[in-house]
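Pasted below: protein.txt, compact mmCIF, C-alpha atoms.
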# COMPACT_ATOMS: atom_id res chain seq x y z
CA MET A 1 -27.32 46.00 29.53
CA GLN A 2 -25.50 46.08 26.21
CA ALA A 3 -28.22 46.77 23.63
CA VAL A 4 -31.96 47.12 23.04
CA SER A 5 -33.67 46.01 19.85
CA PRO A 6 -35.71 48.71 18.09
CA ASP A 7 -39.49 48.26 18.10
CA SER A 8 -39.22 45.96 21.13
CA ILE A 9 -40.85 46.13 24.55
CA GLY A 10 -37.53 47.27 26.00
CA ALA A 11 -37.32 50.14 23.53
CA GLU A 12 -40.91 51.19 24.26
CA LEU A 13 -40.06 51.34 27.96
CA GLY A 14 -37.13 53.62 27.24
CA LEU A 15 -34.44 51.16 28.28
CA ALA A 16 -31.05 52.12 26.88
CA PRO A 17 -27.56 50.59 26.72
CA GLY A 18 -25.85 51.12 30.04
CA THR A 19 -29.00 50.47 32.08
CA ALA A 20 -28.30 48.17 35.04
CA LEU A 21 -30.96 45.49 35.45
CA LEU A 22 -31.04 44.91 39.20
CA ALA A 23 -33.93 42.58 39.99
CA VAL A 24 -36.98 40.81 38.58
CA ASN A 25 -39.99 40.23 40.84
CA GLY A 26 -37.81 41.08 43.81
CA ARG A 27 -35.03 38.62 42.97
CA THR A 28 -31.55 39.95 42.30
CA ILE A 29 -30.18 39.37 38.81
CA GLU A 30 -26.70 37.87 38.75
CA ASP A 31 -26.32 37.07 35.05
CA PHE A 32 -28.07 36.10 31.83
CA LEU A 33 -29.50 32.93 33.36
CA ASP A 34 -31.40 34.85 36.01
CA TRP A 35 -32.64 37.33 33.42
CA GLU A 36 -33.84 34.65 31.01
CA PHE A 37 -35.54 32.47 33.60
CA LEU A 38 -36.99 35.21 35.77
CA THR A 39 -38.44 37.08 32.78
CA ALA A 40 -40.08 33.99 31.31
CA ASP A 41 -43.48 34.96 32.75
CA ASP A 42 -45.81 37.29 30.88
CA ALA A 43 -46.22 39.62 33.89
CA ILE A 44 -43.01 40.79 35.59
CA LEU A 45 -41.71 43.64 37.72
CA VAL A 46 -38.25 44.82 36.63
CA HIS A 47 -36.11 47.00 38.90
CA ALA A 48 -33.45 48.91 36.92
CA ARG A 49 -30.94 51.71 37.31
CA LEU A 50 -30.80 54.06 34.32
CA PRO A 51 -27.50 55.46 32.99
CA SER A 52 -28.43 58.72 34.74
CA GLY A 53 -28.38 56.94 38.09
CA GLU A 54 -32.15 57.04 38.58
CA GLU A 55 -33.71 53.78 39.77
CA VAL A 56 -37.00 52.78 38.13
CA GLU A 57 -39.44 49.89 38.39
CA TYR A 58 -41.25 48.66 35.28
CA ASP A 59 -44.48 46.72 35.68
CA ILE A 60 -44.55 44.77 32.43
CA GLU A 61 -47.31 42.73 30.86
CA ARG A 62 -46.47 41.39 27.45
CA PRO A 63 -48.07 39.17 24.84
CA GLU A 64 -47.15 35.54 25.26
CA GLY A 65 -43.77 34.68 23.79
CA MET A 66 -42.82 38.24 22.83
CA PRO A 67 -39.19 38.94 23.80
CA LEU A 68 -38.23 42.03 25.73
CA GLY A 69 -35.54 42.81 23.14
CA VAL A 70 -32.77 43.28 25.70
CA THR A 71 -29.19 42.07 25.14
CA LEU A 72 -27.09 41.75 28.29
CA GLU A 73 -23.37 42.32 28.53
CA PRO A 74 -21.33 39.12 28.34
CA PRO A 75 -21.04 37.47 31.76
CA ARG A 76 -17.79 37.34 33.66
CA ILE A 77 -16.50 33.87 32.90
CA ARG A 78 -15.81 31.56 35.80
CA ARG A 79 -12.16 30.63 35.70
CA CYS A 80 -10.80 27.14 36.11
CA ALA A 81 -9.25 26.29 39.48
CA ASN A 82 -7.55 23.18 38.13
CA HIS A 83 -4.01 22.84 36.83
CA CYS A 84 -4.19 19.79 34.55
CA ASP A 85 -0.89 18.74 33.00
CA PHE A 86 -2.74 18.33 29.70
CA CYS A 87 -4.53 21.71 29.79
CA PHE A 88 -4.68 22.96 26.22
CA VAL A 89 -4.49 26.59 27.32
CA ASP A 90 -1.11 25.85 28.87
CA GLY A 91 -0.13 24.34 25.52
CA ASN A 92 -0.60 27.62 23.67
CA PRO A 93 2.41 29.51 22.35
CA THR A 94 2.82 33.16 23.27
CA GLY A 95 1.44 35.97 21.12
CA LEU A 96 -2.10 34.69 20.49
CA ARG A 97 -5.38 36.50 21.21
CA GLN A 98 -5.82 37.12 24.92
CA ALA A 99 -9.09 35.18 24.95
CA LEU A 100 -7.18 32.00 24.09
CA TYR A 101 -5.41 32.12 27.45
CA ILE A 102 -8.62 32.17 29.49
CA ARG A 103 -9.19 28.88 31.27
CA ASP A 104 -12.94 28.72 31.73
CA ASP A 105 -14.78 26.16 33.84
CA ASP A 106 -18.30 27.54 33.79
CA TYR A 107 -21.44 25.44 34.20
CA ARG A 108 -23.47 28.21 32.54
CA LEU A 109 -21.44 27.88 29.33
CA SER A 110 -21.75 24.11 29.63
CA PHE A 111 -25.52 24.43 29.50
CA ARG A 112 -25.65 27.15 26.87
CA TYR A 113 -22.91 26.07 24.44
CA GLY A 114 -22.01 22.49 25.34
CA ASN A 115 -18.62 23.41 26.83
CA PHE A 116 -17.23 20.72 29.11
CA ALA A 117 -16.86 21.74 32.77
CA THR A 118 -15.35 19.84 35.70
CA LEU A 119 -17.83 21.20 38.30
CA THR A 120 -14.93 21.64 40.75
CA ASN A 121 -15.85 25.27 41.44
CA LEU A 122 -19.52 24.66 42.26
CA LYS A 123 -20.87 26.03 45.52
CA PRO A 124 -24.08 24.78 47.19
CA TRP A 125 -26.05 27.71 45.74
CA ASP A 126 -24.77 26.83 42.25
CA VAL A 127 -26.14 23.33 42.63
CA ALA A 128 -29.48 24.70 43.84
CA ARG A 129 -29.55 27.10 40.89
CA ILE A 130 -28.80 24.37 38.35
CA ILE A 131 -31.66 22.31 39.73
CA GLU A 132 -34.12 25.22 40.02
CA TYR A 133 -33.50 26.40 36.47
CA HIS A 134 -33.17 22.81 35.23
CA LEU A 135 -29.91 23.46 33.37
CA SER A 136 -29.90 20.16 31.56
CA PRO A 137 -28.09 18.52 29.97
CA LEU A 138 -24.71 19.62 31.30
CA TYR A 139 -21.42 18.57 29.70
CA VAL A 140 -19.07 17.27 32.37
CA SER A 141 -15.37 16.38 32.25
CA VAL A 142 -15.17 13.40 34.58
CA HIS A 143 -11.78 11.90 33.59
CA SER A 144 -11.93 9.48 36.53
CA THR A 145 -14.52 8.57 39.13
CA ASP A 146 -11.83 7.67 41.65
CA PRO A 147 -11.48 10.82 43.80
CA THR A 148 -7.72 10.41 44.28
CA VAL A 149 -6.99 9.80 40.61
CA ARG A 150 -9.24 12.67 39.56
CA ARG A 151 -7.61 15.12 41.96
CA TRP A 152 -4.23 14.07 40.61
CA LEU A 153 -5.33 14.56 37.02
CA LEU A 154 -6.84 17.96 37.80
CA ARG A 155 -3.95 18.92 40.10
CA ASN A 156 -6.63 20.11 42.48
CA PRO A 157 -6.66 18.60 45.99
CA GLU A 158 -9.93 20.41 46.71
CA ALA A 159 -11.88 18.75 43.90
CA GLN A 160 -15.06 17.17 45.21
CA ASP A 161 -16.06 13.57 44.62
CA ILE A 162 -17.59 13.76 41.13
CA LEU A 163 -19.95 10.84 41.76
CA VAL A 164 -21.40 12.59 44.80
CA GLN A 165 -21.92 15.74 42.72
CA LEU A 166 -23.51 13.89 39.83
CA ARG A 167 -25.84 11.95 42.14
CA GLU A 168 -27.04 15.14 43.80
CA LEU A 169 -27.74 16.74 40.45
CA THR A 170 -29.31 13.54 39.12
CA ASP A 171 -31.69 13.53 42.09
CA GLY A 172 -32.66 17.03 40.99
CA GLY A 173 -33.56 15.85 37.47
CA ILE A 174 -30.35 16.94 35.69
CA GLN A 175 -28.82 14.89 32.87
CA PHE A 176 -25.27 14.86 31.52
CA HIS A 177 -23.04 14.19 28.59
CA THR A 178 -19.65 13.26 30.01
CA GLN A 179 -16.10 12.80 28.81
CA VAL A 180 -12.94 11.05 29.91
CA VAL A 181 -9.71 12.54 28.58
CA LEU A 182 -7.47 9.51 28.60
CA VAL A 183 -3.95 9.92 30.04
CA PRO A 184 -1.69 6.87 29.71
CA GLU A 185 -0.82 5.02 32.92
CA VAL A 186 -3.16 7.25 34.92
CA ASN A 187 -6.84 6.80 34.05
CA ASP A 188 -6.67 4.08 31.39
CA GLY A 189 -6.86 0.31 31.85
CA PRO A 190 -8.61 -0.72 35.10
CA GLU A 191 -9.25 2.93 36.01
CA LEU A 192 -11.13 3.47 32.76
CA GLU A 193 -13.14 0.31 33.40
CA ARG A 194 -14.02 1.59 36.86
CA SER A 195 -15.04 5.03 35.62
CA LEU A 196 -17.31 3.62 32.93
CA ARG A 197 -18.84 1.18 35.38
CA ASP A 198 -19.50 3.95 37.92
CA LEU A 199 -21.01 6.29 35.35
CA TYR A 200 -23.22 3.52 34.00
CA SER A 201 -24.49 2.88 37.54
CA LEU A 202 -25.95 6.40 37.61
CA GLY A 203 -28.56 5.22 35.13
CA PRO A 204 -30.14 7.14 32.24
CA ALA A 205 -29.15 10.52 33.72
CA VAL A 206 -25.73 10.00 32.10
CA LEU A 207 -26.74 10.30 28.46
CA SER A 208 -23.33 9.50 26.97
CA VAL A 209 -19.65 9.09 27.71
CA SER A 210 -16.88 9.95 25.28
CA VAL A 211 -13.36 8.65 25.71
CA VAL A 212 -10.88 11.05 24.13
CA PRO A 213 -7.10 10.56 23.90
CA VAL A 214 -5.12 13.32 25.54
CA ALA A 215 -4.07 15.98 23.01
CA LEU A 216 -0.71 17.68 23.43
CA THR A 217 0.92 20.53 21.58
CA GLU A 218 4.58 21.30 21.07
CA TYR A 219 4.31 23.57 24.14
CA SER A 220 2.58 21.12 26.50
CA LYS A 221 4.18 19.69 29.65
CA HIS A 222 5.75 16.68 27.96
CA GLN A 223 7.88 15.95 30.99
CA LEU A 224 4.67 15.25 32.94
CA VAL A 225 2.32 13.70 30.38
CA ARG A 226 2.69 11.80 27.12
CA SER A 227 0.45 10.72 24.27
CA LEU A 228 -1.07 7.27 24.09
CA SER A 229 0.62 4.63 22.00
CA ARG A 230 -1.14 2.63 19.29
CA ASP A 231 -1.49 -0.39 21.60
CA GLU A 232 -2.80 1.75 24.47
CA CYS A 233 -5.45 3.20 22.16
CA ARG A 234 -6.44 -0.29 21.06
CA ALA A 235 -6.74 -1.43 24.66
CA ALA A 236 -8.93 1.59 25.47
CA ILE A 237 -11.18 0.88 22.49
CA GLY A 238 -11.59 -2.68 23.75
CA ILE A 239 -12.81 -1.36 27.10
CA VAL A 240 -15.08 1.21 25.46
CA GLU A 241 -16.67 -1.29 23.11
CA GLN A 242 -17.19 -3.79 25.92
CA SER A 243 -19.08 -1.15 27.89
CA ALA A 244 -21.00 -0.08 24.77
CA THR A 245 -22.01 -3.67 24.02
CA ARG A 246 -23.45 -4.01 27.51
CA ALA A 247 -25.35 -0.74 27.08
CA VAL A 248 -26.83 -1.87 23.76
CA ALA A 249 -28.03 -5.11 25.34
CA GLU A 250 -29.52 -3.43 28.42
CA ARG A 251 -30.53 0.04 27.20
CA GLY A 252 -30.76 -0.23 23.45
CA HIS A 253 -27.98 2.22 22.51
CA PRO A 254 -24.17 2.21 22.83
CA TRP A 255 -23.96 5.03 25.43
CA CYS A 256 -20.15 4.93 25.49
CA PHE A 257 -18.05 6.10 22.52
CA GLY A 258 -14.42 6.41 21.57
CA ALA A 259 -13.46 9.64 19.83
CA ASP A 260 -12.51 9.39 16.16
CA GLU A 261 -8.96 10.29 17.16
CA LEU A 262 -8.78 7.23 19.40
CA TYR A 263 -9.58 4.97 16.43
CA LEU A 264 -7.18 6.85 14.16
CA ARG A 265 -4.31 6.46 16.62
CA ALA A 266 -5.21 2.81 17.10
CA ASP A 267 -5.25 2.28 13.32
CA LEU A 268 -8.69 0.69 13.57
CA PRO A 269 -11.79 1.33 11.40
CA LEU A 270 -14.46 3.67 12.74
CA PRO A 271 -17.85 2.28 13.75
CA PRO A 272 -20.66 2.78 11.20
CA ALA A 273 -22.78 5.95 11.24
CA GLU A 274 -25.77 4.26 12.88
CA TRP A 275 -23.59 3.44 15.92
CA TYR A 276 -23.53 7.11 16.92
CA GLY A 277 -27.28 7.66 17.14
CA ASP A 278 -27.95 11.40 17.10
CA PHE A 279 -24.22 12.27 17.09
CA GLU A 280 -24.65 14.15 20.35
CA GLN A 281 -20.91 14.42 20.99
CA ARG A 282 -19.72 15.12 17.46
CA GLU A 283 -18.40 18.54 18.56
CA ASN A 284 -16.10 16.57 20.84
CA GLY A 285 -14.75 14.57 17.90
CA VAL A 286 -17.04 11.59 18.40
CA GLY A 287 -18.49 10.35 15.11
CA ALA A 288 -17.44 13.50 13.28
CA VAL A 289 -16.25 11.58 10.20
CA ARG A 290 -19.41 9.49 9.91
CA TYR A 291 -21.57 12.58 10.47
CA LEU A 292 -19.74 14.31 7.63
CA GLN A 293 -20.33 11.36 5.31
CA MET A 294 -23.99 11.27 6.25
CA ARG A 295 -24.44 15.00 5.63
CA ILE A 296 -22.81 14.76 2.22
CA ALA A 297 -24.99 11.82 1.24
CA ALA A 298 -28.12 13.70 2.35
CA GLY A 299 -27.23 16.77 0.29
CA ARG A 300 -26.12 15.09 -2.93
CA GLU A 301 -29.29 15.92 -4.86
CA ARG A 302 -28.78 19.65 -4.29
CA LEU A 303 -25.19 19.78 -5.54
CA VAL A 304 -24.38 21.66 -8.73
CA GLY A 305 -22.44 20.27 -11.64
CA MET A 306 -18.74 21.20 -11.65
CA THR A 307 -17.50 18.84 -14.32
CA GLY A 308 -13.76 19.07 -14.77
CA LYS A 309 -13.23 21.57 -11.94
CA ARG A 310 -10.40 20.94 -9.48
CA VAL A 311 -11.34 21.43 -5.85
CA GLY A 312 -8.82 21.36 -3.02
CA VAL A 313 -10.06 20.15 0.36
CA VAL A 314 -7.93 21.45 3.23
CA THR A 315 -7.87 19.36 6.38
CA GLY A 316 -5.64 18.35 9.26
CA THR A 317 -3.27 15.45 9.02
CA ALA A 318 -5.45 13.20 11.18
CA MET A 319 -8.48 13.34 8.88
CA ALA A 320 -6.53 13.26 5.64
CA PRO A 321 -6.42 9.45 5.31
CA LEU A 322 -10.20 9.26 5.77
CA MET A 323 -11.15 12.09 3.46
CA PRO A 324 -11.03 10.20 0.13
CA GLN A 325 -14.00 8.08 1.19
CA VAL A 326 -15.76 11.23 2.41
CA VAL A 327 -15.45 13.16 -0.87
CA GLU A 328 -16.06 10.15 -3.11
CA GLY A 329 -19.77 10.90 -3.16
CA LEU A 330 -19.11 14.55 -3.95
CA ALA A 331 -17.03 13.66 -6.96
CA ALA A 332 -19.72 11.36 -8.30
CA ALA A 333 -22.45 13.97 -7.78
CA THR A 334 -20.64 17.04 -9.16
CA GLY A 335 -18.18 15.68 -11.71
CA ALA A 336 -15.41 17.67 -10.02
CA ARG A 337 -11.98 16.32 -9.11
CA PHE A 338 -11.24 16.62 -5.42
CA GLU A 339 -7.74 16.74 -3.99
CA ILE A 340 -7.16 16.28 -0.28
CA ILE A 341 -4.63 18.80 1.04
CA PRO A 342 -3.39 17.82 4.51
CA VAL A 343 -1.85 20.77 6.33
CA VAL A 344 0.71 20.37 9.11
CA ASN A 345 0.07 22.60 12.11
CA THR A 346 2.96 25.06 12.16
CA LEU A 347 1.68 26.84 15.27
CA PHE A 348 1.19 24.03 17.78
CA GLY A 349 3.43 21.43 16.16
CA SER A 350 2.81 18.37 14.03
CA ALA A 351 1.33 16.41 16.96
CA VAL A 352 -1.80 18.60 16.78
CA THR A 353 -3.61 17.09 13.84
CA THR A 354 -7.19 18.39 14.07
CA ALA A 355 -8.47 20.68 11.31
CA GLY A 356 -10.17 22.99 13.79
CA LEU A 357 -6.83 24.24 15.14
CA LEU A 358 -5.12 24.90 11.82
CA PRO A 359 -3.53 28.37 11.70
CA GLY A 360 -4.38 30.59 8.77
CA ALA A 361 -0.71 31.06 7.95
CA ALA A 362 -0.22 27.31 7.45
CA ILE A 363 -3.25 27.15 5.15
CA ALA A 364 -1.97 30.13 3.19
CA ALA A 365 1.43 28.48 2.74
CA ALA A 366 -0.21 25.28 1.47
CA LEU A 367 -2.39 27.08 -1.10
CA GLN A 368 -0.55 30.21 -2.18
CA HIS A 369 1.11 28.58 -5.23
CA ARG A 370 -1.80 26.31 -6.24
CA ARG A 371 -2.96 28.07 -9.40
CA ASP A 372 -4.21 24.73 -10.70
CA LEU A 373 -7.18 24.75 -8.29
CA ASP A 374 -10.54 26.24 -9.22
CA LEU A 375 -11.79 26.29 -5.62
CA ALA A 376 -10.46 25.52 -2.13
CA LEU A 377 -12.68 24.34 0.73
CA LEU A 378 -11.46 25.24 4.21
CA PRO A 379 -12.73 23.72 7.49
CA ALA A 380 -15.24 26.17 8.96
CA GLU A 381 -14.37 25.01 12.48
CA SER A 382 -10.92 26.55 12.08
CA VAL A 383 -12.31 30.10 12.46
CA ASN A 384 -14.18 31.75 15.31
CA ASP A 385 -17.36 33.84 15.13
CA ASP A 386 -15.27 36.81 13.96
CA LEU A 387 -13.87 34.69 11.09
CA ARG A 388 -10.38 34.66 12.59
CA PHE A 389 -8.10 31.65 12.62
CA ILE A 390 -6.31 30.60 15.79
CA ASP A 391 -3.27 32.69 14.77
CA ASP A 392 -5.53 35.78 14.37
CA LEU A 393 -5.41 35.81 10.57
CA GLU A 394 -8.78 36.98 9.27
CA ALA A 395 -10.50 34.75 6.70
CA HIS A 396 -10.98 37.57 4.17
CA ASP A 397 -7.30 38.48 4.45
CA LEU A 398 -6.38 34.87 3.81
CA ALA A 399 -8.66 34.75 0.77
CA ALA A 400 -7.02 37.89 -0.64
CA ARG A 401 -3.63 36.16 -0.59
CA LEU A 402 -4.68 33.11 -2.55
CA PRO A 403 -4.95 32.55 -6.32
CA MET A 404 -8.25 30.67 -6.13
CA PRO A 405 -11.66 31.32 -4.52
CA VAL A 406 -12.00 29.81 -1.06
CA ARG A 407 -15.07 28.79 0.94
CA LEU A 408 -15.40 27.93 4.61
CA SER A 409 -17.34 24.72 4.84
CA HIS A 410 -18.82 22.55 7.57
CA ASP A 411 -19.61 19.52 5.43
CA PHE A 412 -18.49 20.43 1.88
CA ALA A 413 -21.99 19.95 0.51
CA ASP A 414 -23.04 23.19 2.19
CA VAL A 415 -20.97 25.29 -0.23
CA LEU A 416 -21.30 23.11 -3.32
CA GLU A 417 -24.98 23.85 -3.71
CA GLY A 418 -25.81 26.41 -6.36
CA ALA A 419 -26.01 29.39 -4.02
CA GLY A 420 -22.86 28.42 -2.17
CA VAL A 421 -20.68 28.21 -5.27
CA ALA A 422 -21.92 31.49 -6.64
CA ALA A 423 -21.43 33.40 -3.37

How does this structure look as C-alpha cells?
Amino acid sequence: MQAVSPDSIGAELGLAPGTALLAVNGRTIEDFLDWEFLTADDAILVHARLPSGEEVEYDIERPEGMPLGVTLEPPRIRRCANHCDFCFVDGNPTGLRQALYIRDDDYRLSFRYGNFATLTNLKPWDVARIIEYHLSPLYVSVHSTDPTVRRWLLRNPEAQDILVQLRELTDGGIQFHTQVVLVPEVNDGPELERSLRDLYSLGPAVLSVSVVPVALTEYSKHQLVRSLSRDECRAAIGIVEQSATRAVAERGHPWCFGADELYLRADLPLPPAEWYGDFEQRENGVGAVRYLQMRIAAGRERLVGMTGKRVGVVTGTAMAPLMPQVVEGLAAATGARFEIIPVVNTLFGSAVTTAGLLPGAAIAAALQHRRDLDLALLPAESVNDDLRFIDDLEAHDLAARLPMPVRLSHDFADVLEGAGVAA
C-alpha cells in the first residue's frame, strides 16, 4: 500500500503506507484489479500485514459508495513477449527515460487506460479473471487474423490464434476495440480484407477496428520493414471504406476506420466528423483532426478577444497542412492571427511526424528567436503526467527559455478562454 487519504475509512482503521493487503473475504489480492473488485461490497473482511509485521483482519462495514481511501503501489507491468520488427520501443534512441524502454503488453492497462495489448501472454486464469471482472472493453492489437501471418508479424511462434481468444472472451460478454498496424506486403491487400472480414464475423462484440500505417523512426529496423507508399495507403483506404460501407448498411455505423495518418500519406481528404461517431479511437489517431475541429467549434462562444495578437501553433509535420482549416474558426472568434509552426522531429528523425512525440529541444529551437509572437500553443499530448517531453525536458524549463508565454493545449480553445489566457 502506497498511501492512505486522511479522514478516510482506511485512516480510521490505522492503515499506513507500507501495509501489505493480503486478502479480501478470503481471496488473495494480486493487484489493483482484485482490490477494486473485491472491495466493491459494503461489508468486507480485509486481511493485512502491518509494517511492523503483525497480521490483522479488519471487518469493515461502510456507507454505500464511500471509498476506503487506500492507494496501492503501481502494479508490476506485464512485459511483452513479442519482437515485432516495427516495435516503437526498439525504435527509441539511447539515453531516454528508462520507462520508455519498457515493452508492456498488459490487459489490465488495456482496460484501465485504453492501451492496446496483443493478448499473447494470457493464461487460462487471466481469461477467467477478465470474464469474472468483466474487463470490457479491451483494446486489442490484432494486426492479422491469419495465425501464421500474425505470428510472423509479432515474431512470436507461441502466439495463440487471436480469433479463438476473441471468441472465448466474446462468449464471456467482453467487447473490444481493435487495431491493425499495417505493414506493406505482409498484412495489407487480401490479408487486410480477410482480417476485417473475420473481425466483422464476431458481431457487435468488436466495437471498432482502426487501420494504422506502420510508424518507423530513424532507429527502427528498416532492413526488415518499410513504410507504406502513397498507392499502398490508397489501396488500404479502399478496403477500409468498403468494409465500413457494408457496416453502415448492416449495422448503422462505419465500424472500421483508417487512421488520419493513412489518409495523409494517401493524400486523400479525411472523412467528415460525423463519420467517426463518438471518436472512440481518437487516441489512436483516428478522427483526431475532425475531433479537434469539432471541439474548437463547440467552444467558440467562450473564447476571449485577442485582436491583433500573434499566436504560434506548434505541431508535427503531418498535421501542419491540415491546421489552417482547424484554426480558421479560432481566428474568426478571437481576432488573433495564428501561425502554424511545423516542427521536425530531431530525436526520432523526420519520418516521425506526430505532434505527440515532439522533443522539447526541437520545440525550443523552433521558438527561441520568435520575439514576434505574443503566445505559443504547444500540443499537450507531447508531455507526460510529469510535464516532461519525450527527451526529458520539463515543460517549465522549456517555457523559461522562450521569449513568449507558452500554453500546453489539447484543442486550442481550452487555453484561449478567459481563464486559460490569464493563467

**Message:** as a PyMOL selection string, please: the residues near His253 in chain A (cut-off 9 Å, all atoms listed in the file, same-chain neighbours under 2 positions excluded).
**Reply:** chain A and resi 244-245+247-251+255-256+275-277

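The closest residue to Leu347 in chain A, picked from A:Glu328, A:Asp385, A:Asp391, A:Asp414 and counting only C-alpha atoms, is A:Asp391.
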
**Request:** Excluding Thr94 in chain A and residues on its chain fewer than 5 positions from it, collect all residues at most 12 Å away from it, counting all atoms listed in the file, and give them as a list in words.
**Result:** Val89, Leu100, Tyr101, Tyr219, Leu347, Phe348 and Asp391 of chain A

**Fill in**
A straight line from CA of Thr118 in chain A to CA of Arg103 in chain A spans 11.8 Å

**Request:** May I have the residues at most 10 Å from (-10.1, 12.4, 2.8) in the file's coordinates, counting all atoms listed in the file, as a PyMOL selection string?
**Result:** chain A and resi 289+313-328+338-342

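CA of Lys221 in chain A is positioned 24.7 Å from CA of Pro190 in chain A.
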